[in-house]
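> Just so it is clear, I am handing over data-v8.tsv, which has TSV, C-alpha atoms and all ligand atoms.
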chain	number	residue	atom	x	y	z
N	1362	MET	CA	0.00	0.00	0.00
N	1363	ALA	CA	1.16	3.52	-0.73
N	1364	VAL	CA	2.36	5.69	2.13
N	1365	LYS	CA	-0.50	7.82	3.39
N	1366	SER	CA	-0.17	11.41	4.43
N	1367	GLU	CA	-0.86	12.52	7.96
N	1368	SER	CA	-4.42	13.66	7.33
N	1369	SER	CA	-7.00	11.70	9.31
N	1370	PRO	CA	-8.64	8.61	7.79
N	1371	LYS	CA	-11.95	9.11	6.01
N	1372	SER	CA	-14.87	6.76	5.65
N	1373	ILE	CA	-17.10	6.49	2.59
N	1374	THR	CA	-20.48	4.79	2.49
N	1375	ILE	CA	-21.80	3.66	-0.87
N	1376	VAL	CA	-25.59	3.33	-0.74
N	1377	VAL	CA	-27.00	0.76	-3.14
N	1378	PRO	CA	-30.78	0.29	-3.43
N	1379	ILE	CA	-31.65	-3.12	-4.86
N	1380	LEU	CA	-34.77	-4.90	-6.05
N	1381	ASN	CA	-34.36	-8.47	-7.34
N	1382	GLU	CA	-30.79	-8.06	-8.48
N	1383	GLU	CA	-29.38	-11.57	-8.07
N	1384	ALA	CA	-28.21	-11.41	-11.67
N	1385	ALA	CA	-26.28	-8.16	-11.29
N	1386	LEU	CA	-24.88	-8.52	-7.73
N	1387	PRO	CA	-21.93	-10.93	-8.26
N	1388	LEU	CA	-20.48	-8.76	-11.01
N	1389	TYR	CA	-21.07	-5.67	-8.88
N	1390	PHE	CA	-19.08	-7.11	-5.99
N	1391	ASP	CA	-16.19	-8.16	-8.24
N	1392	THR	CA	-16.02	-4.82	-9.99
N	1393	MET	CA	-16.26	-2.83	-6.77
N	1394	ALA	CA	-13.58	-4.92	-5.05
N	1395	ASP	CA	-11.16	-4.11	-7.88
N	1396	GLU	CA	-12.16	-0.47	-8.06
N	1397	ILE	CA	-11.99	0.11	-4.31
N	1398	SER	CA	-8.59	-1.52	-3.93
N	1399	LYS	CA	-7.35	0.68	-6.79
N	1400	ILE	CA	-8.73	3.83	-5.17
N	1401	LYS	CA	-7.24	2.95	-1.77
N	1402	GLU	CA	-3.91	2.21	-3.36
N	1403	ARG	CA	-3.72	5.54	-5.19
N	1404	SER	CA	-5.25	7.86	-2.61
N	1405	LYS	CA	-3.03	10.02	-0.42
N	1406	VAL	CA	-5.65	9.86	2.31
N	1407	ASP	CA	-6.43	6.70	4.26
N	1408	LEU	CA	-9.91	5.74	2.96
N	1409	SER	CA	-12.31	3.07	4.19
N	1410	PHE	CA	-15.37	1.87	2.28
N	1411	THR	CA	-18.72	0.47	3.32
N	1412	LEU	CA	-21.24	-0.91	0.85
N	1413	LEU	CA	-24.67	-0.30	2.37
N	1414	PHE	CA	-27.38	-2.20	0.51
N	1415	VAL	CA	-31.01	-1.31	0.92
N	1416	ASN	CA	-33.02	-4.36	-0.05
N	1417	ASP	CA	-36.24	-2.89	-1.38
N	1418	GLY	CA	-38.35	-6.04	-0.98
N	1419	SER	CA	-36.42	-8.44	-3.21
N	1420	MET	CA	-37.99	-11.86	-3.69
N	1421	ASP	CA	-34.90	-13.57	-5.09
N	1422	ALA	CA	-31.47	-14.55	-3.75
N	1423	SER	CA	-30.21	-10.95	-3.46
N	1424	GLU	CA	-30.14	-10.96	0.34
N	1425	PHE	CA	-28.32	-14.30	0.43
N	1426	ILE	CA	-25.69	-13.05	-2.03
N	1427	ILE	CA	-25.10	-9.87	-0.03
N	1428	ARG	CA	-24.76	-11.68	3.30
N	1429	ASN	CA	-22.20	-14.00	1.78
N	1430	ALA	CA	-20.23	-11.41	-0.15
N	1431	LYS	CA	-16.55	-11.74	0.50
N	1432	LYS	CA	-15.12	-8.52	1.79
N	1433	GLU	CA	-11.45	-7.77	1.58
N	1434	HIS	CA	-11.55	-4.14	0.65
N	1435	TYR	CA	-14.86	-3.02	2.08
N	1436	ASP	CA	-17.50	-3.63	4.76
N	1437	VAL	CA	-20.98	-4.79	3.88
N	1438	GLN	CA	-24.14	-3.56	5.56
N	1439	LEU	CA	-27.70	-4.47	4.70
N	1440	VAL	CA	-31.06	-2.90	5.48
N	1441	ASN	CA	-34.05	-5.06	4.58
N	1442	PHE	CA	-37.41	-3.43	3.87
N	1443	SER	CA	-40.57	-5.27	4.83
N	1444	ARG	CA	-41.81	-4.87	1.24
N	1445	ASN	CA	-41.09	-2.88	-1.92
N	1446	PHE	CA	-41.26	0.84	-1.16
N	1447	GLY	CA	-39.59	2.13	-4.34
N	1448	LYS	CA	-36.13	3.43	-5.09
N	1449	GLU	CA	-36.69	6.91	-3.67
N	1450	LYS	CA	-37.56	5.51	-0.25
N	1451	ALA	CA	-34.72	3.00	-0.44
N	1452	LEU	CA	-32.28	5.80	-1.11
N	1453	TYR	CA	-33.70	7.83	1.75
N	1454	ALA	CA	-33.32	4.86	4.11
N	1455	GLY	CA	-29.74	4.43	2.95
N	1456	MET	CA	-29.00	8.07	3.71
N	1457	THR	CA	-30.37	7.75	7.23
N	1458	TYR	CA	-28.36	4.59	7.96
N	1459	ALA	CA	-25.11	5.69	6.30
N	1460	GLN	CA	-22.33	6.56	8.75
N	1461	GLY	CA	-19.60	7.68	6.34
N	1462	ASP	CA	-17.90	11.07	6.12
N	1463	ALA	CA	-19.15	11.03	2.54
N	1464	VAL	CA	-22.03	9.09	0.98
N	1465	ILE	CA	-22.34	7.95	-2.64
N	1466	PRO	CA	-25.71	6.62	-3.86
N	1467	MET	CA	-25.18	4.17	-6.70
N	1468	ASP	CA	-27.13	1.66	-8.85
N	1469	VAL	CA	-26.11	-1.97	-8.68
N	1470	ASP	CA	-26.24	-2.55	-12.45
N	1471	LEU	CA	-22.93	-0.69	-13.04
N	1472	GLN	CA	-24.71	2.01	-15.06
N	1473	ASP	CA	-23.30	4.40	-12.48
N	1474	ALA	CA	-19.79	3.65	-13.70
N	1475	PRO	CA	-17.52	2.63	-10.77
N	1476	GLU	CA	-14.47	4.33	-12.28
N	1477	VAL	CA	-16.17	7.69	-11.67
N	1478	ILE	CA	-16.07	7.15	-7.90
N	1479	GLU	CA	-12.40	8.03	-7.71
N	1480	LYS	CA	-13.03	11.36	-9.47
N	1481	LEU	CA	-15.91	12.14	-7.10
N	1482	ILE	CA	-13.72	11.44	-4.10
N	1483	ASP	CA	-10.85	13.54	-5.46
N	1484	ARG	CA	-13.06	16.60	-5.80
N	1485	TRP	CA	-14.48	15.96	-2.32
N	1486	LEU	CA	-10.99	15.74	-0.79
N	1487	ASP	CA	-10.35	19.13	-2.39
N	1488	GLY	CA	-13.24	20.49	-0.35
N	1489	VAL	CA	-16.28	20.29	-2.65
N	1490	GLN	CA	-19.35	19.17	-0.69
N	1491	ILE	CA	-21.59	17.89	-3.49
N	1492	VAL	CA	-20.02	16.30	-6.56
N	1493	ASN	CA	-22.61	15.36	-9.19
N	1494	ALA	CA	-21.94	12.74	-11.84
N	1495	LYS	CA	-23.44	14.08	-15.04
N	1496	ARG	CA	-24.02	11.80	-18.01
N	1497	VAL	CA	-22.73	13.37	-21.20
N	1498	SER	CA	-24.66	11.11	-23.54
N	1499	ARG	CA	-27.88	9.19	-23.20
N	1500	THR	CA	-27.18	6.93	-26.15
N	1501	GLU	CA	-27.83	3.90	-23.95
N	1502	ASP	CA	-31.47	4.96	-23.57
N	1503	ILE	CA	-34.10	4.31	-26.21
N	1504	TRP	CA	-35.35	7.42	-28.01
N	1505	TRP	CA	-38.59	7.98	-26.11
N	1506	LYS	CA	-36.72	7.88	-22.80
N	1507	ARG	CA	-34.25	10.48	-24.07
N	1508	VAL	CA	-36.95	12.79	-25.40
N	1509	THR	CA	-39.14	12.52	-22.30
N	1510	ALA	CA	-36.17	12.90	-19.95
N	1511	ASN	CA	-35.19	16.14	-21.70
N	1512	LEU	CA	-38.72	17.42	-21.61
N	1513	PHE	CA	-38.98	16.52	-17.93
N	1514	TYR	CA	-35.91	18.55	-16.95
N	1515	LYS	CA	-37.20	21.54	-18.94
N	1516	VAL	CA	-40.68	21.45	-17.41
N	1517	PHE	CA	-39.40	20.68	-13.94
N	1518	ASN	CA	-36.98	23.59	-13.93
N	1519	LEU	CA	-39.69	25.90	-15.23
N	1520	PHE	CA	-41.74	25.16	-12.14
N	1521	SER	CA	-39.16	24.39	-9.46
N	1522	GLU	CA	-37.99	27.07	-7.06
N	1523	LYS	CA	-34.52	25.49	-7.17
N	1524	PRO	CA	-33.53	24.06	-10.58
N	1525	ILE	CA	-32.07	20.55	-10.72
N	1526	PRO	CA	-29.04	19.88	-12.93
N	1527	GLU	CA	-29.93	18.16	-16.22
N	1528	ASN	CA	-28.86	14.56	-16.77
N	1529	VAL	CA	-27.67	14.06	-13.21
N	1530	GLY	CA	-29.27	10.98	-11.66
N	1531	ASP	CA	-28.86	9.87	-8.09
N	1532	PHE	CA	-25.19	9.05	-8.66
N	1533	ARG	CA	-23.17	11.70	-6.80
N	1534	LEU	CA	-21.05	12.27	-3.74
N	1535	LEU	CA	-22.47	14.00	-0.70
N	1536	ASP	CA	-20.47	15.29	2.22
N	1537	ARG	CA	-21.62	14.38	5.75
N	1538	GLN	CA	-22.92	17.93	6.25
N	1539	VAL	CA	-25.13	17.61	3.16
N	1540	VAL	CA	-26.40	14.19	4.24
N	1541	ASP	CA	-27.37	15.56	7.65
N	1542	ALA	CA	-29.23	18.44	6.00
N	1543	PHE	CA	-30.93	16.01	3.60
N	1544	ASN	CA	-32.05	13.81	6.50
N	1545	GLN	CA	-33.63	16.76	8.28
N	1546	ILE	CA	-36.17	17.08	5.51
N	1547	GLY	CA	-39.17	14.97	6.40
N	1548	ASP	CA	-41.20	15.15	3.15
N	1549	GLN	CA	-43.42	12.11	2.73
N	1550	LYS	CA	-43.60	12.40	-1.03
N	1551	ARG	CA	-39.87	12.60	-1.54
N	1552	PHE	CA	-38.21	13.67	-4.71
N	1553	ASN	CA	-34.59	13.19	-3.71
N	1554	LYS	CA	-33.00	14.99	-6.65
N	1555	GLU	CA	-34.91	18.14	-5.82
N	1556	ILE	CA	-33.93	17.91	-2.15
N	1557	PHE	CA	-30.26	17.43	-3.06
N	1558	SER	CA	-30.26	20.73	-4.91
N	1559	TRP	CA	-32.60	22.48	-2.46
N	1560	VAL	CA	-30.22	22.04	0.50
N	1561	GLY	CA	-27.57	24.12	-1.24
N	1562	PHE	CA	-23.80	23.75	-0.50
N	1563	GLN	CA	-20.89	24.01	-2.87
N	1564	THR	CA	-21.58	21.84	-5.91
N	1565	GLU	CA	-19.51	20.63	-8.85
N	1566	GLU	CA	-20.03	18.25	-11.74
N	1567	VAL	CA	-17.95	15.40	-13.08
N	1568	GLU	CA	-18.91	14.05	-16.52
N	1569	PHE	CA	-19.21	10.41	-17.53
N	1570	ASP	CA	-20.65	8.11	-20.18
N	1571	ARG	CA	-23.48	6.05	-18.77
N	1572	PRO	CA	-23.12	2.47	-19.95
N	1573	GLN	CA	-25.82	-0.17	-20.51
N	1574	ARG	CA	-27.20	-2.17	-17.61
N	1575	SER	CA	-24.78	-5.01	-16.80
N	1576	LYS	CA	-27.19	-7.85	-15.94
N	1577	GLY	CA	-30.86	-8.27	-15.10
N	1578	GLU	CA	-33.71	-6.02	-16.15
N	1579	GLY	CA	-34.55	-2.33	-15.75
N	1580	LYS	CA	-37.37	-1.77	-13.27
N	1581	TRP	CA	-38.94	1.40	-14.61
N	1582	SER	CA	-41.97	1.16	-16.85
N	1583	PHE	CA	-43.19	4.19	-18.78
N	1584	TRP	CA	-46.11	4.52	-16.37
N	1585	LYS	CA	-43.81	4.44	-13.32
N	1586	LEU	CA	-41.59	7.14	-14.86
N	1587	TRP	CA	-44.60	9.28	-15.75
N	1588	ASN	CA	-45.88	9.17	-12.16
N	1589	PHE	CA	-42.39	9.83	-10.86
N	1590	ALA	CA	-42.15	12.93	-13.06
N	1591	LEU	CA	-45.56	14.24	-11.96
N	1592	ASP	CA	-44.71	13.62	-8.31
N	1593	GLY	CA	-41.48	15.50	-8.81
N	1594	ILE	CA	-43.10	18.54	-10.37
N	1595	PHE	CA	-45.98	18.78	-7.92
N	1596	SER	CA	-43.73	18.31	-4.90
N	1597	ALA	CA	-41.21	20.88	-6.07
N	1598	SER	CA	-43.59	23.78	-6.57
N	1599	THR	CA	-47.04	25.24	-6.09
N	1600	LEU	CA	-46.72	27.18	-9.33
N	1601	PRO	CA	-49.32	25.08	-11.19
N	1602	LEU	CA	-51.88	26.41	-8.69
N	1603	ARG	CA	-50.90	29.99	-9.38
N	1604	PHE	CA	-51.08	29.30	-13.11
N	1605	TRP	CA	-54.81	28.68	-12.70
N	1606	SER	CA	-55.28	32.00	-10.95
N	1607	TYR	CA	-53.90	33.68	-14.05
N	1608	ILE	CA	-56.05	31.64	-16.43
N	1609	GLY	CA	-59.09	32.43	-14.26
N	1610	PHE	CA	-58.27	36.11	-14.32
N	1611	LEU	CA	-57.82	36.15	-18.08
N	1612	ILE	CA	-61.09	34.34	-18.74
N	1613	SER	CA	-63.00	36.62	-16.37
N	1614	LEU	CA	-61.61	39.58	-18.24
N	1615	VAL	CA	-62.69	38.19	-21.61
N	1616	ALA	CA	-66.12	37.33	-20.17
N	1617	PHE	CA	-66.53	40.85	-18.81
N	1618	VAL	CA	-65.74	42.41	-22.18
N	1619	TYR	CA	-68.16	40.01	-23.86
N	1620	VAL	CA	-70.93	40.86	-21.37
N	1621	LEU	CA	-70.47	44.55	-22.14
N	1622	PHE	CA	-70.65	43.76	-25.83
N	1623	VAL	CA	-73.87	41.75	-25.43
N	1624	ILE	CA	-75.54	44.49	-23.38
N	1625	ILE	CA	-74.67	47.20	-25.86
N	1626	TYR	CA	-75.59	44.99	-28.80
N	1627	THR	CA	-79.01	44.23	-27.29
N	1628	LEU	CA	-79.67	47.90	-26.53
N	1629	VAL	CA	-78.61	49.18	-29.93
N	1630	ILE	CA	-79.55	46.43	-32.38
N	1631	GLY	CA	-82.06	44.45	-30.38
N	1632	ARG	CA	-82.35	40.77	-29.41
N	1633	ASP	CA	-81.63	37.84	-31.64
N	1634	LEU	CA	-81.66	34.14	-30.79
N	1635	PRO	CA	-79.06	32.25	-32.84
N	1636	GLY	CA	-76.04	31.25	-30.82
N	1637	TYR	CA	-76.43	27.58	-30.07
N	1638	SER	CA	-72.90	26.77	-31.25
N	1639	SER	CA	-71.20	29.53	-29.28
N	1640	THR	CA	-73.12	28.48	-26.15
N	1641	ILE	CA	-72.23	24.82	-26.41
N	1642	VAL	CA	-68.59	25.62	-27.16
N	1643	MET	CA	-68.41	27.72	-24.03
N	1644	ILE	CA	-70.17	25.18	-21.83
N	1645	LEU	CA	-67.86	22.40	-22.96
N	1646	GLY	CA	-64.76	24.56	-22.92
N	1647	PHE	CA	-65.31	25.90	-19.43
N	1648	GLY	CA	-66.45	22.51	-18.17
N	1649	GLY	CA	-63.11	21.10	-19.30
N	1650	LEU	CA	-61.15	23.94	-17.75
N	1651	ASN	CA	-63.03	23.51	-14.49
N	1652	LEU	CA	-62.26	19.83	-14.33
N	1653	LEU	CA	-58.61	20.40	-15.17
N	1654	SER	CA	-58.19	22.99	-12.45
N	1655	LEU	CA	-60.03	20.73	-9.99
N	1656	GLY	CA	-57.60	17.97	-10.90
N	1657	ILE	CA	-54.64	20.19	-10.13
N	1658	LEU	CA	-56.21	21.23	-6.83
N	1659	GLY	CA	-56.73	17.54	-6.15
N	1660	GLU	CA	-53.03	16.82	-6.69
N	1661	TYR	CA	-52.17	19.21	-3.90
N	1662	ILE	CA	-54.95	18.06	-1.59
N	1663	GLY	CA	-53.74	14.49	-2.05
N	1664	ARG	CA	-50.29	15.65	-1.10
N	1665	ILE	CA	-51.59	17.43	2.00
N	1666	TYR	CA	-53.36	14.21	2.97
N	1667	THR	CA	-50.17	12.17	2.63
N	1668	GLU	CA	-48.14	14.69	4.61
N	1669	VAL	CA	-50.73	14.99	7.38
N	1670	ARG	CA	-51.04	11.24	7.85
N	1671	ASN	CA	-47.34	11.35	8.60
N	1672	ARG	CA	-46.67	7.66	8.18
N	1673	PRO	CA	-43.08	6.44	8.33
N	1674	SER	CA	-41.55	6.56	4.85
N	1675	PHE	CA	-40.49	2.91	4.98
N	1676	ILE	CA	-40.53	-0.10	7.30
N	1677	VAL	CA	-37.30	-1.94	8.04
N	1678	SER	CA	-37.69	-5.64	8.82
N	1679	SER	CA	-34.05	-6.41	9.65
N	1680	THR	CA	-30.50	-5.14	9.32
N	1681	PHE	CA	-27.15	-6.83	8.94
N	1682	GLY	CA	-23.62	-5.60	9.54
N	1683	MET	CA	-24.61	-2.47	11.52
N	1684	ASP	CA	-22.50	-1.63	14.60
N	1685	ASP	CA	-25.21	-2.52	17.09
N	1686	ASN	CA	-25.97	-6.04	15.86
N	1687	GLU	CA	-22.58	-7.17	14.69
N	1701	LIG	N1	-34.53	-0.29	-7.52
N	1701	LIG	C1	-35.04	-0.35	-6.23
N	1701	LIG	N2	-36.41	-0.35	-6.05
N	1701	LIG	C2	-37.28	-0.27	-7.09
N	1701	LIG	C3	-36.75	-0.18	-8.41
N	1701	LIG	C4	-35.37	-0.18	-8.58
N	1701	LIG	O1	-34.29	-0.40	-5.25
N	1701	LIG	O2	-38.49	-0.28	-6.86
N	1701	LIG	C5	-33.04	-0.27	-7.71
N	1701	LIG	C6	-32.50	-1.28	-8.70
N	1701	LIG	O3	-32.28	-2.53	-8.09
N	1701	LIG	C7	-31.21	-0.62	-9.16
N	1701	LIG	C8	-31.55	0.86	-9.12
N	1701	LIG	O4	-32.69	0.99	-8.25
N	1701	LIG	O5	-30.12	-0.85	-8.30
N	1701	LIG	C9	-31.85	1.42	-10.50
N	1701	LIG	O6	-32.84	0.64	-11.13
N	1701	LIG	P1	-32.88	0.42	-12.71
N	1701	LIG	O7	-31.55	-0.02	-13.20
N	1701	LIG	O8	-34.04	-0.47	-12.97
N	1701	LIG	O9	-33.22	1.89	-13.19
N	1701	LIG	P2	-32.65	2.72	-14.46
N	1701	LIG	O10	-31.21	2.40	-14.62
N	1701	LIG	O11	-33.49	2.28	-15.59
N	1701	LIG	O12	-32.89	4.15	-14.07
N	1702	MG	MG	-30.17	0.80	-14.42
In structure tokens, write the structure found in this file.
Ligand code: UDP
Ligand code: MG

Amino acid sequence: MAVKSESSPKSITIVVPILNEEAALPLYFDTMADEISKIKERSKVDLSFTLLFVNDGSMDASEFIIRNAKKEHYDVQLVNFSRNFGKEKALYAGMTYAQGDAVIPMDVDLQDAPEVIEKLIDRWLDGVQIVNAKRVSRTEDIWWKRVTANLFYKVFNLFSEKPIPENVGDFRLLDRQVVDAFNQIGDQKRFNKEIFSWVGFQTEEVEFDRPQRSKGEGKWSFWKLWNFALDGIFSASTLPLRFWSYIGFLISLVAFVYVLFVIIYTLVIGRDLPGYSSTIVMILGFGGLNLLSLGILGEYIGRIYTEVRNRPSFIVSSTFGMDDNE
């Protein structure tokens, strides 16, 4: 091992949410063992690594594989959920359990390229508190995912009070101070990416090419992504509500002008009856607008309901490798 400088040792927790990943896990362990030993070898600072897996209700051999992972260069910890709560919750749980001086959330399918970790750590050792891994190309995604992802970032940042960086997933490095701030935020409907940028702190980006999934299958259907995007937008901002105030104001104005016109027309020219089509167009048009605005109101009321119920975000059934149950 290289001679380390006198600076104090630093611990890094890598948080890995998993759902039925028995196919991808063995390769993940092998790759990470190599990568971590390389990083430790080269680093001037004495680094220690923990792989903290959050098992998001896997029904396959994932838990077995993790418990039996051989560990020369890293520790292994495991948090088991009582059922599938979704990746956002799994990530949140990982952040609350992580003990490291820095935390790196990472996918198990090696799409969050392990060789980027060293670059993230280098920037962090230089004093940067959030180092985002930004994908430079999305060629690994099929076209509709690329188009919708782009559209999502545009729309999201139009509405959000704090813009999120484009093409940055959950893969990034967070300093302990950032993690503590993140954990203070008790939103039920969590949109982690938005919270990461909302908390502030000095942020930098490192670029990388996102490869294909190593093994196993992607777990996001179009419908899941759509709901995820809507949740993100509605949780980041109340601007859609304000939007309806403006529309309402505009329509009232037009209606007022039209009423004046009708009064004057009746007084000057007299009454006439035709107008079935304009009436029906207005009834249908305003009916639609009413329903749409009710729907948007409903989105927020639903959110208030979820927040007020204040249920725990996830239920942990067991843990493994934590200090207290070693
Ligand atoms: N994942 C999870 N819970 C879920 C869905 C996914 O913990 O409900 C994990 C999954 O095991 C993987 C990571 O989240 O480690 C990213 O999933 P995936 O590769 O399917 O997403 P994509 O790369 O398409 O964004
Ligand atoms: Mg993936």
> In Å to one decimal, how far is atom O4 of ligand LIG 1701 (chain N) from CA of Trp1485 in chain N?
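Straight-line distance from CA of Trp1485 in chain N to atom O4 of ligand LIG 1701 (chain N) works out to 24.3 Å.
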> What separation in Å, quoted to one decimal, exists between CA of Val1437 in chain N and CA of Asp1684 in chain N?
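Computing it gives 11.3 Å between the two atoms.
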> Calculated over all atoms listed in the file, which of the candidates N:Glu1402, N:Arg1428, N:Gly1631, N:Thr1564 has the smallest distance to Val1489 in chain N?
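Result for the nearest residue to Val1489 in chain N: N:Thr1564.
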> At a cut-off of 10 Å from (-34.4, 20.5, -10.4) in the coordinates of the file, what residues are picked up using all atoms listed in the file, written as a PyMOL selection string?
chain N and resi 1513-1527+1529+1552-1559+1593-1594+1597
> Under the rule that all atoms listed in the file are counted, which of N:Gly1418, N:Val1406, N:Ile1375, N:Phe1562 is the nearest residue to Arg1533 in chain N?
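The shortest atom-to-atom distance to Arg1533 in chain N comes from N:Ile1375.
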> Determine the nearest neighbour of Asp1473 in chain N from the options N:Glu1424, N:Glu1660, N:Asp1592, N:Asp1531, counting all atoms listed in the file.
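Closest candidate: N:Asp1531.
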> What are the closest atom pairs, with distances in Å to one decimal, for each residue of chain N lying within 6 Å of ligand MG 1702 (chain N), using all atoms listed in the file, rows by chain and rising residue number, as CSV?

residue,atom,partner,partner_atom,distance
N:Asp1470,CA,N:MG1702,MG,5.5
N:Gln1472,CA,N:MG1702,MG,5.6
N:Arg1574,CA,N:MG1702,MG,5.3
N:Gly1579,CA,N:MG1702,MG,5.5
> In the coordinates of the file, take the point (-44.7, 12.1, 3.1) and a cut-off of 6 Å; then, counting only C-alpha atoms, name each qualifying protein, DNA or RNA residue as a count of residues only.
5
> Write out as JSON lines the residues of chain N that have any atom within 9 Å of an atom of ligand LIG 1701 (chain N), one row each with the nearest atom pair and its distance in Å to one decimal, counting all atoms listed in the file, sorted by chain and then rising number.

{"residue": "N:Val1377", "atom": "CA", "partner": "N:LIG1701", "partner_atom": "O5", "distance": 6.2}
{"residue": "N:Pro1378", "atom": "CA", "partner": "N:LIG1701", "partner_atom": "O1", "distance": 4.0}
{"residue": "N:Ile1379", "atom": "CA", "partner": "N:LIG1701", "partner_atom": "O3", "distance": 3.3}
{"residue": "N:Leu1380", "atom": "CA", "partner": "N:LIG1701", "partner_atom": "O3", "distance": 4.0}
{"residue": "N:Asn1381", "atom": "CA", "partner": "N:LIG1701", "partner_atom": "O3", "distance": 6.3}
{"residue": "N:Glu1382", "atom": "CA", "partner": "N:LIG1701", "partner_atom": "O3", "distance": 5.7}
{"residue": "N:Ala1385", "atom": "CA", "partner": "N:LIG1701", "partner_atom": "O5", "distance": 8.8}
{"residue": "N:Val1415", "atom": "CA", "partner": "N:LIG1701", "partner_atom": "O1", "distance": 7.0}
{"residue": "N:Asn1416", "atom": "CA", "partner": "N:LIG1701", "partner_atom": "O1", "distance": 6.7}
{"residue": "N:Asp1417", "atom": "CA", "partner": "N:LIG1701", "partner_atom": "O1", "distance": 5.0}
{"residue": "N:Gly1418", "atom": "CA", "partner": "N:LIG1701", "partner_atom": "N2", "distance": 7.9}
{"residue": "N:Ser1419", "atom": "CA", "partner": "N:LIG1701", "partner_atom": "O1", "distance": 8.6}
{"residue": "N:Asn1445", "atom": "CA", "partner": "N:LIG1701", "partner_atom": "O2", "distance": 6.2}
{"residue": "N:Phe1446", "atom": "CA", "partner": "N:LIG1701", "partner_atom": "O2", "distance": 6.4}
{"residue": "N:Gly1447", "atom": "CA", "partner": "N:LIG1701", "partner_atom": "O2", "distance": 3.7}
{"residue": "N:Lys1448", "atom": "CA", "partner": "N:LIG1701", "partner_atom": "N2", "distance": 3.9}
{"residue": "N:Glu1449", "atom": "CA", "partner": "N:LIG1701", "partner_atom": "N2", "distance": 7.6}
{"residue": "N:Lys1450", "atom": "CA", "partner": "N:LIG1701", "partner_atom": "N2", "distance": 8.3}
{"residue": "N:Ala1451", "atom": "CA", "partner": "N:LIG1701", "partner_atom": "O1", "distance": 5.9}
{"residue": "N:Leu1452", "atom": "CA", "partner": "N:LIG1701", "partner_atom": "O1", "distance": 7.7}
{"residue": "N:Met1467", "atom": "CA", "partner": "N:LIG1701", "partner_atom": "O5", "distance": 7.2}
{"residue": "N:Asp1468", "atom": "CA", "partner": "N:LIG1701", "partner_atom": "O5", "distance": 3.9}
{"residue": "N:Val1469", "atom": "CA", "partner": "N:LIG1701", "partner_atom": "O5", "distance": 4.2}
{"residue": "N:Asp1470", "atom": "CA", "partner": "N:LIG1701", "partner_atom": "O7", "distance": 5.9}
{"residue": "N:Leu1471", "atom": "CA", "partner": "N:LIG1701", "partner_atom": "O5", "distance": 8.6}
{"residue": "N:Gln1472", "atom": "CA", "partner": "N:LIG1701", "partner_atom": "O10", "distance": 6.5}
{"residue": "N:Asp1473", "atom": "CA", "partner": "N:LIG1701", "partner_atom": "O10", "distance": 8.4}
{"residue": "N:Asp1502", "atom": "CA", "partner": "N:LIG1701", "partner_atom": "O11", "distance": 8.7}
{"residue": "N:Gly1530", "atom": "CA", "partner": "N:LIG1701", "partner_atom": "O12", "distance": 8.1}
{"residue": "N:Gln1573", "atom": "CA", "partner": "N:LIG1701", "partner_atom": "O10", "distance": 8.4}
{"residue": "N:Arg1574", "atom": "CA", "partner": "N:LIG1701", "partner_atom": "O7", "distance": 6.6}
{"residue": "N:Gly1577", "atom": "CA", "partner": "N:LIG1701", "partner_atom": "O7", "distance": 8.5}
{"residue": "N:Glu1578", "atom": "CA", "partner": "N:LIG1701", "partner_atom": "O8", "distance": 6.4}
{"residue": "N:Gly1579", "atom": "CA", "partner": "N:LIG1701", "partner_atom": "O8", "distance": 3.4}
{"residue": "N:Lys1580", "atom": "CA", "partner": "N:LIG1701", "partner_atom": "O8", "distance": 3.6}
{"residue": "N:Trp1581", "atom": "CA", "partner": "N:LIG1701", "partner_atom": "O8", "distance": 5.5}
{"residue": "N:Ser1582", "atom": "CA", "partner": "N:LIG1701", "partner_atom": "O11", "distance": 8.6}
> So how far away is CA of Tyr1435 in chain N from CA of Lys1399 in chain N, in Å?
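Result for CA of Lys1399 in chain N versus CA of Tyr1435 in chain N: 12.2 Å, one decimal.
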> Check the smallest atom-to-atom distance from each of N:Val1618, N:Ile1676, N:Met1393, N:Val1629 to Pro1475 in chain N using only C-alpha atoms, then report the winner.
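When distances to Pro1475 in chain N are compared using only C-alpha atoms, the smallest one comes from N:Met1393.
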> Of the residues N:Ile1630, N:Val1440, N:Ala1394, N:Leu1412, which is the one nearest to Tyr1453 in chain N, using all atoms listed in the file?
N:Val1440
> Which residue gives the smallest distance to Gly1659 in chain N among N:Ala1616, N:Leu1602, N:Val1492, N:Ala1454, with only C-alpha atoms counted?
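When distances to Gly1659 in chain N are compared using only C-alpha atoms, the smallest one comes from N:Leu1602.
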> Pull the closest atom pair for each residue of range 1495-1607 of chain N that gets at most 9 Å from range 1455-1461 of chain N, along with the distance in Å to one decimal, counting all atoms listed in the file, ordering rows by chain and then ascending residue number, as a Markdown table.

| residue | atom | partner | partner_atom | distance |
| --- | --- | --- | --- | --- |
| N:Asp1536 | CA | N:Gly1461 | CA | 8.7 |
| N:Arg1537 | CA | N:Gly1461 | CA | 7.0 |
| N:Val1540 | CA | N:Met1456 | CA | 6.7 |
| N:Asp1541 | CA | N:Thr1457 | CA | 8.4 |
| N:Phe1543 | CA | N:Met1456 | CA | 8.2 |
| N:Asn1544 | CA | N:Thr1457 | CA | 6.3 |
